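Let me begin by presenting the structure, written as structure tokens, before commenting on it.
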Amino acid sequence: VILKGGSEALRSNTALVAAFQAGLRAAGLPQDAVQLVSSREDVATLLKLDQFIDLVIPRGSNQLVRSVMDATRIPVMGHADGICAVYVDKAANVETAVKVVVDAKTQYTAACNTAETLLVHEDAVETLLPV
């Protein structure tokens with residue numbers, strides 16, 4: 001498994017890889033089975049290694065998926081547009097819920113997981129939606 005995230009996720013991805021590698025090491029498996037690359041140049045190099053890589057699963061915009069597909073002979077599991085929803089339960093803290101909803105829609109609108117649908121529990125509508 002080779003991970004490549006955006007610069008905004010570098011610390012999170014570094015922590016994830018470290019955790020995965022620690023788990024692999026504890027299980028007696030090769031820790032290098034999970035790695036992190038950080039540059040577009042690294043990705044371009046990897047996309048040429050069709051004799052070693054079985055599958056690429058790009059996560060991002062349709063433009064990113066198309067560019068990966070165009071740059072490699074490795075099978076690519078792309079994605080179609082999906083529905084990304086945020087659900088707010090009746091027990092949610094209103095202030096926190098509003099922050100989460102706004103972030104899910106506006107933090108990085110080109111991301112494949114940008115919120116497209118807001119679902120609000122019917123008992124929270126009057127409390128949440130006037131905000």
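Here, A, B, ... name the chains of the structure tokens in the order displayed, residue numbers run from 1 inside each chain, and ligands are numbered from 1 in the same displayed order.
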| Shell around segment 60-74 of chain A at 12 Å using only C-alpha atoms, local window under 3 positions removed, as a PyMOL selection string | chain A and resi 4-6+40+43-57+77-82+108-114
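Across A:Val86, A:Leu129, A:Ala26, A:Leu10, the tightest approach to Ser39 of chain A is made by A:Leu10 when counting only C-alpha atoms.
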If we count only C-alpha atoms and set the cut-off at 6 Å, which residues sit around Lys105 of chain A, ignoring sequence neighbours fewer than 2 positions away in its own chain? Please answer as a PDB file with N, CA and C atoms, in the first residue's frame.
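Written output follows (out.pdb):
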ATOM      1  N   VAL A 102     -20.203  23.450   7.723  1.00  0.00           N
ATOM      2  CA  VAL A 102     -19.550  24.487   6.920  1.00  0.00           C
ATOM      3  C   VAL A 102     -18.200  23.984   6.415  1.00  0.00           C
ATOM      4  N   ASP A 103     -17.418  23.341   7.277  1.00  0.00           N
ATOM      5  CA  ASP A 103     -16.122  22.812   6.869  1.00  0.00           C
ATOM      6  C   ASP A 103     -16.279  21.737   5.787  1.00  0.00           C
ATOM      7  N   THR A 114     -16.297  16.355  -0.666  1.00  0.00           N
ATOM      8  CA  THR A 114     -16.974  17.586  -0.290  1.00  0.00           C
ATOM      9  C   THR A 114     -18.462  17.316  -0.162  1.00  0.00           C
ATOM     10  N   ALA A 115     -19.057  17.789   0.907  1.00  0.00           N
ATOM     11  CA  ALA A 115     -20.478  17.537   1.173  1.00  0.00           C
ATOM     12  C   ALA A 115     -21.349  18.090   0.059  1.00  0.00           C
TER      13      ALA A 115
END
